[in-house]
Structures are given as C-alpha cells and as structure tokens.
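Since the structure comes first, as structure tokens, the remarks are kept for the end.
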Amino acid sequence: MKKTIFTGSCVAIVTPMQEDGSIHYDRLGAMLEEQIAAHTDAVCICGTTGESATMSDEEHIEAIRYTVKKVAGRIPVIAGAGSNHTDYAVFLSKEAKAAGADALLQVTPYYNKTSQQGLIDHFYAIADATDLPLILYNVPSRTGVAIKPETYAQLAKHPNIVAAKEACGDISAIAETFRLCGDQLDIYSGNDDQIVPILALGGKGVISVLANVQPRTAHDICQLFFDGKVREAAQLQLDSLPLIHALFMEVNPIPVKEALNLMGKQAGPLRKPLAPLSEAQRQVLRSALEAAHLL
C-alpha cells in the first residue's frame, strides 16, 4: 500500500488577479487562510481552476512557492505541473519540488494527445524524474484523451504514481479502475457532483471547485461519509447539486471566479481567452448563491 496524500476535500483554488491581470498574492493568502479555517484538507495550486494555462513559468513557480510558504505545512500542497510536452512537465515538476510542494497533479497530454502506451511512457518519465508522489488527472472533456482502467493498472505499478483525480464522469470505468488497481492507487473525485458515488467505491475524497465557495460543505460531505453517516453525506451532496450545476454552467473557472466576486472575495478578472458570464448567467449564479445562503 502506498502513502495517501490526503483524505477529504482538496480545494482546486482559483488564482485571484489584480485589475491589471497580475496575481494578487495578498488575496491568495487570505483565501488560503479561509480554506484552512474551514477544515479544507489540502490545496491544489496552479490547476485548471487556477488558470495555470495562462501563467508564465515565473508566475507558476512563484504561486507554488508562495502557497507552500503561506500554508506552512498545515495541510498538503499539491502543485499542478502537467503539460502535453513530457520534457516540460518534468521541468515544472522539478521546479515544484524545489518550491516545496508535497505532491504533483499531472494532467493527461492535451491537443497532441497520445496513445495509451504514450500515456504510460509520459507519466513514467515524470515519475522517474522526481520523488514527489503523482496524482494523475483524467479529464477527457478538456484533453480529448482518457486513461483506460487497464492503463491505470500499469501506471499504478510505479511507486511514485499514487493517485488519480477522476473527472471522466464514467462511474463504470472508475469502478473498473478500483477493481484493477486495488490499494495501489488512491482515487479522488474530480467532479463535485460525484463525490459520494466515488467515496462509495473506495475513494479518498475530492479535488473540488465547490470548495472555493463552500469549503466546509465539501469537507463535510467526505467526513460524514468517513464517519459512517452515509445518508447524511448523500443528502448534503444532493443539497449541493444546484450550486454545483451553477458553478459549471460555463467553462471552469469562469463561474466560480464570478461567484467569489459576488461574495466579496475579490477573485478579480479572468485572463483571456476566458470571458465573463453573460448577465443572464450571472443572475442564475446569483440565485444559486442566494439559495445556498452565500449572499
């Protein structure tokens, strides 16, 4: 059995921006403190939700370094360090380790995609290049390529490949991955609307967008389940669905940044090519936030 990075809710944290588009580190620091106070179990910096695709190398590494320093060991810091270029992913992974990250999030190659053997070669090359534990990120709706359960079984043989963030949406495929990998691969839900189903299969928690606006709820869904209060966890999951759906009415992180701004959290603007919600979408989001007593 491999060492588990965290159990519970990991916030896939947004990157707050100043009006000129630069990273607002003071706001990031305040957000991190709020997450820890609300019992968030880990933080993922520079993921999709953090707009890492538009960060320069310097920004990416500094955001990780700042987060590690601010968190100061209170919860694990997972650094997004993936790329569709294997050598660049290795570079980012080494820089994330030097910045003090506890683990790495590695997305499947996108656009150029690859075969299943290519996925194995890609992730093995990264895992060989650092001793940090890797969480593989399977999100075919964004990348155009999926990790098959049989491929996970091969990947899980590497000692540094310890977990997966599963956002394929296919519960049957995820169940088969659990069957094939056993205790050699921890699995986290990558979809906030599937936390309890994945926990029921043996999952360790969630890497969550919802946690940006409802950190205690994301944590409690997991903790209630772990405490044997399955019906209560399921009900909290169901009660959260309207807000979760609103947070994904448009490409992530467009809605969640707007939600934080509506809540007065000063997440700031998006970086292009992401565009703000329409006024009609903003009203739907506002109504969902009001119903969740967040406004």
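In the structure tokens, chains take the letters A, B, ... in the order shown, each chain's residues start at 1, and ligands count up from 1 in the order shown.
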
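Contact shell of Lys94 of chain A at 10 Å (only C-alpha atoms; same-chain neighbours under 4 positions omitted): Ala81, Tyr88, Ala89, Val90, Ala98, Ala99, Ala101, Leu104, Ile126, Ala129, Thr130, Asp131 and Leu132 of chain A.
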
Same residues, all heavy atoms, output as an mmCIF file, in the first residue's frame:
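Output (result.cif):
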```cif
data_model
loop_
_atom_site.group_PDB
_atom_site.id
_atom_site.type_symbol
_atom_site.label_atom_id
_atom_site.label_comp_id
_atom_site.auth_asym_id
_atom_site.auth_seq_id
_atom_site.Cartn_x
_atom_site.Cartn_y
_atom_site.Cartn_z
ATOM 1 N N ALA A 81 1.464 20.571 -12.360
ATOM 2 C CA ALA A 81 2.738 20.639 -13.089
ATOM 3 C C ALA A 81 2.661 19.855 -14.392
ATOM 4 O O ALA A 81 3.665 19.389 -14.904
ATOM 5 C CB ALA A 81 3.872 20.108 -12.218
ATOM 6 N N TYR A 88 8.717 19.292 -20.671
ATOM 7 C CA TYR A 88 8.297 20.486 -19.944
ATOM 8 C C TYR A 88 7.606 20.096 -18.641
ATOM 9 O O TYR A 88 7.799 20.769 -17.613
ATOM 10 C CB TYR A 88 7.355 21.320 -20.813
ATOM 11 C CG TYR A 88 6.932 22.623 -20.183
ATOM 12 C CD1 TYR A 88 7.872 23.581 -19.815
ATOM 13 C CD2 TYR A 88 5.591 22.893 -19.945
ATOM 14 C CE1 TYR A 88 7.490 24.779 -19.226
ATOM 15 C CE2 TYR A 88 5.195 24.086 -19.365
ATOM 16 C CZ TYR A 88 6.146 25.025 -19.001
ATOM 17 O OH TYR A 88 5.753 26.206 -18.412
ATOM 18 N N ALA A 89 6.831 19.025 -18.656
ATOM 19 C CA ALA A 89 6.209 18.556 -17.421
ATOM 20 C C ALA A 89 7.268 18.125 -16.410
ATOM 21 O O ALA A 89 7.124 18.358 -15.202
ATOM 22 C CB ALA A 89 5.250 17.399 -17.711
ATOM 23 N N VAL A 90 8.333 17.518 -16.875
ATOM 24 C CA VAL A 90 9.444 17.152 -15.996
ATOM 25 C C VAL A 90 10.075 18.412 -15.402
ATOM 26 O O VAL A 90 10.355 18.481 -14.195
ATOM 27 C CB VAL A 90 10.495 16.323 -16.762
ATOM 28 C CG1 VAL A 90 11.793 16.212 -15.956
ATOM 29 C CG2 VAL A 90 9.950 14.937 -17.077
ATOM 30 N N ALA A 98 11.286 21.880 -5.905
ATOM 31 C CA ALA A 98 12.203 22.867 -5.337
ATOM 32 C C ALA A 98 11.445 23.952 -4.581
ATOM 33 O O ALA A 98 11.956 24.520 -3.604
ATOM 34 C CB ALA A 98 13.057 23.483 -6.438
ATOM 35 N N ALA A 99 10.228 24.250 -5.022
ATOM 36 C CA ALA A 99 9.398 25.259 -4.356
ATOM 37 C C ALA A 99 8.744 24.732 -3.091
ATOM 38 O O ALA A 99 8.123 25.505 -2.353
ATOM 39 C CB ALA A 99 8.332 25.769 -5.324
ATOM 40 N N ALA A 101 6.518 21.857 -2.864
ATOM 41 C CA ALA A 101 5.239 21.156 -2.985
ATOM 42 C C ALA A 101 5.328 19.758 -2.381
ATOM 43 O O ALA A 101 6.387 19.126 -2.361
ATOM 44 C CB ALA A 101 4.827 21.058 -4.450
ATOM 45 N N LEU A 104 2.311 16.307 -6.795
ATOM 46 C CA LEU A 104 2.116 16.892 -8.120
ATOM 47 C C LEU A 104 0.818 16.400 -8.730
ATOM 48 O O LEU A 104 0.466 15.225 -8.602
ATOM 49 C CB LEU A 104 3.273 16.503 -9.044
ATOM 50 C CG LEU A 104 4.682 16.860 -8.583
ATOM 51 C CD1 LEU A 104 5.709 16.202 -9.495
ATOM 52 C CD2 LEU A 104 4.874 18.379 -8.557
ATOM 53 N N ILE A 126 7.865 11.319 -15.976
ATOM 54 C CA ILE A 126 7.719 12.332 -14.921
ATOM 55 C C ILE A 126 7.967 11.713 -13.556
ATOM 56 O O ILE A 126 8.675 12.274 -12.714
ATOM 57 C CB ILE A 126 6.315 12.969 -14.986
ATOM 58 C CG1 ILE A 126 6.097 13.658 -16.332
ATOM 59 C CG2 ILE A 126 6.124 13.969 -13.848
ATOM 60 C CD1 ILE A 126 4.647 13.990 -16.633
ATOM 61 N N ALA A 129 11.504 11.222 -12.687
ATOM 62 C CA ALA A 129 12.321 12.434 -12.593
ATOM 63 C C ALA A 129 12.249 13.110 -11.232
ATOM 64 O O ALA A 129 13.027 14.030 -10.966
ATOM 65 C CB ALA A 129 11.899 13.427 -13.677
ATOM 66 N N THR A 130 11.317 12.691 -10.379
ATOM 67 C CA THR A 130 11.167 13.313 -9.065
ATOM 68 C C THR A 130 10.677 12.265 -8.083
ATOM 69 O O THR A 130 10.047 11.277 -8.488
ATOM 70 C CB THR A 130 10.170 14.480 -9.107
ATOM 71 O OG1 THR A 130 9.949 14.974 -7.776
ATOM 72 C CG2 THR A 130 8.835 14.053 -9.694
ATOM 73 N N ASP A 131 10.964 12.477 -6.803
ATOM 74 C CA ASP A 131 10.466 11.536 -5.798
ATOM 75 C C ASP A 131 9.150 11.994 -5.182
ATOM 76 O O ASP A 131 8.634 11.366 -4.255
ATOM 77 C CB ASP A 131 11.505 11.299 -4.705
ATOM 78 C CG ASP A 131 11.912 12.580 -3.981
ATOM 79 O OD1 ASP A 131 11.383 13.660 -4.305
ATOM 80 O OD2 ASP A 131 12.785 12.508 -3.090
ATOM 81 N N LEU A 132 8.558 13.084 -5.707
ATOM 82 C CA LEU A 132 7.250 13.505 -5.211
ATOM 83 C C LEU A 132 6.164 12.549 -5.701
ATOM 84 O O LEU A 132 6.243 12.031 -6.817
ATOM 85 C CB LEU A 132 6.918 14.918 -5.680
ATOM 86 C CG LEU A 132 7.668 16.082 -5.041
ATOM 87 C CD1 LEU A 132 7.153 17.402 -5.604
ATOM 88 C CD2 LEU A 132 7.540 16.062 -3.525
#
```

Could you list, as a PyMOL selection string, every residue within 12 Å of Ala275 of chain A, counting only C-alpha atoms and ignoring same-chain residues fewer than 3 positions away?
chain A and resi 250-255+257-258+269-272+278

Taking only segment 130-160 of chain A into account, list the residues labelled alpha helix (DSSP H) by DSSP (computed from the backbone), as an MDAnalysis selection string.
chainID A and resid 140:143 149:155

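Using only C-alpha atoms, the smallest distance between any of A:Thr67, A:Ser141, A:Thr54, A:Thr40 and Asp26 of chain A comes from A:Thr67.
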
Excluding Pro215 of chain A and any residue of its chain fewer than 6 positions from it, enumerate the residues within 9 Å of it, using only C-alpha atoms, and give them as an MDAnalysis selection string.
chainID A and resid 9:11 34:36 38:40 208

Using all heavy atoms, can you write the selected residues to a file as an mmCIF file, in the first residue's frame?
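Listing of part.cif after writing:
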```
data_model
loop_
_atom_site.group_PDB
_atom_site.id
_atom_site.type_symbol
_atom_site.label_atom_id
_atom_site.label_comp_id
_atom_site.auth_asym_id
_atom_site.auth_seq_id
_atom_site.Cartn_x
_atom_site.Cartn_y
_atom_site.Cartn_z
ATOM 1 N N SER A 9 -11.351 16.765 1.433
ATOM 2 C CA SER A 9 -11.550 17.759 0.381
ATOM 3 C C SER A 9 -10.290 18.580 0.149
ATOM 4 O O SER A 9 -9.755 19.210 1.065
ATOM 5 C CB SER A 9 -12.696 18.703 0.750
ATOM 6 O OG SER A 9 -12.775 19.784 -0.156
ATOM 7 N N CYS A 10 -9.843 18.577 -1.096
ATOM 8 C CA CYS A 10 -8.747 19.441 -1.539
ATOM 9 C C CYS A 10 -9.342 20.519 -2.427
ATOM 10 O O CYS A 10 -10.006 20.208 -3.418
ATOM 11 C CB CYS A 10 -7.718 18.626 -2.318
ATOM 12 S SG CYS A 10 -6.435 19.605 -3.135
ATOM 13 N N VAL A 11 -9.120 21.769 -2.088
ATOM 14 C CA VAL A 11 -9.634 22.852 -2.920
ATOM 15 C C VAL A 11 -8.732 23.045 -4.138
ATOM 16 O O VAL A 11 -7.520 23.168 -4.019
ATOM 17 C CB VAL A 11 -9.765 24.168 -2.137
ATOM 18 C CG1 VAL A 11 -8.428 24.650 -1.589
ATOM 19 C CG2 VAL A 11 -10.419 25.252 -2.997
ATOM 20 N N GLU A 34 -8.611 31.244 4.805
ATOM 21 C CA GLU A 34 -10.034 30.913 4.927
ATOM 22 C C GLU A 34 -10.274 29.430 4.687
ATOM 23 O O GLU A 34 -11.093 28.805 5.371
ATOM 24 C CB GLU A 34 -10.845 31.753 3.943
ATOM 25 C CG GLU A 34 -10.913 33.227 4.303
ATOM 26 C CD GLU A 34 -11.513 34.078 3.193
ATOM 27 O OE1 GLU A 34 -11.885 33.518 2.134
ATOM 28 O OE2 GLU A 34 -11.598 35.305 3.369
ATOM 29 N N GLN A 35 -9.570 28.861 3.720
ATOM 30 C CA GLN A 35 -9.719 27.437 3.439
ATOM 31 C C GLN A 35 -9.273 26.587 4.625
ATOM 32 O O GLN A 35 -9.961 25.642 5.034
ATOM 33 C CB GLN A 35 -8.914 27.058 2.190
ATOM 34 C CG GLN A 35 -9.478 27.593 0.892
ATOM 35 C CD GLN A 35 -10.769 26.906 0.491
ATOM 36 O OE1 GLN A 35 -10.980 25.732 0.775
ATOM 37 N NE2 GLN A 35 -11.642 27.646 -0.169
ATOM 38 N N ILE A 36 -8.144 26.910 5.187
ATOM 39 C CA ILE A 36 -7.642 26.143 6.325
ATOM 40 C C ILE A 36 -8.578 26.274 7.517
ATOM 41 O O ILE A 36 -8.878 25.286 8.203
ATOM 42 C CB ILE A 36 -6.207 26.590 6.679
ATOM 43 C CG1 ILE A 36 -5.250 26.190 5.544
ATOM 44 C CG2 ILE A 36 -5.747 25.974 8.002
ATOM 45 C CD1 ILE A 36 -3.863 26.780 5.657
ATOM 46 N N ALA A 38 -11.688 26.629 7.433
ATOM 47 C CA ALA A 38 -12.924 25.898 7.141
ATOM 48 C C ALA A 38 -12.685 24.388 7.022
ATOM 49 O O ALA A 38 -13.554 23.658 6.548
ATOM 50 C CB ALA A 38 -13.543 26.419 5.842
ATOM 51 N N HIS A 39 -11.520 23.930 7.440
ATOM 52 C CA HIS A 39 -11.195 22.496 7.515
ATOM 53 C C HIS A 39 -10.946 21.847 6.161
ATOM 54 O O HIS A 39 -11.076 20.618 6.035
ATOM 55 C CB HIS A 39 -12.261 21.724 8.296
ATOM 56 C CG HIS A 39 -12.452 22.210 9.692
ATOM 57 N ND1 HIS A 39 -11.567 21.921 10.709
ATOM 58 C CD2 HIS A 39 -13.412 22.998 10.243
ATOM 59 C CE1 HIS A 39 -11.977 22.493 11.825
ATOM 60 N NE2 HIS A 39 -13.085 23.158 11.568
ATOM 61 N N THR A 40 -10.598 22.629 5.160
ATOM 62 C CA THR A 40 -10.151 22.040 3.899
ATOM 63 C C THR A 40 -8.906 21.200 4.179
ATOM 64 O O THR A 40 -8.032 21.595 4.938
ATOM 65 C CB THR A 40 -9.858 23.142 2.869
ATOM 66 O OG1 THR A 40 -11.101 23.730 2.475
ATOM 67 C CG2 THR A 40 -9.154 22.600 1.649
ATOM 68 N N SER A 208 -11.709 19.741 -5.466
ATOM 69 C CA SER A 208 -13.009 20.388 -5.593
ATOM 70 C C SER A 208 -12.956 21.837 -6.047
ATOM 71 O O SER A 208 -12.164 22.635 -5.532
ATOM 72 C CB SER A 208 -13.708 20.321 -4.221
ATOM 73 O OG SER A 208 -14.896 21.063 -4.203
#
```

In Å, with one decimal, what is the gap from atom CA of Ser115 of chain A to atom CA of Ala103 of chain A?
25.3 Å

At a cut-off of 10 Å, using only C-alpha atoms, what residues contact Met249 of chain A? Leave out same-chain residues fewer than 6 positions from it and give the result as a PyMOL selection string.
chain A and resi 243+255-256+277+281+284-285
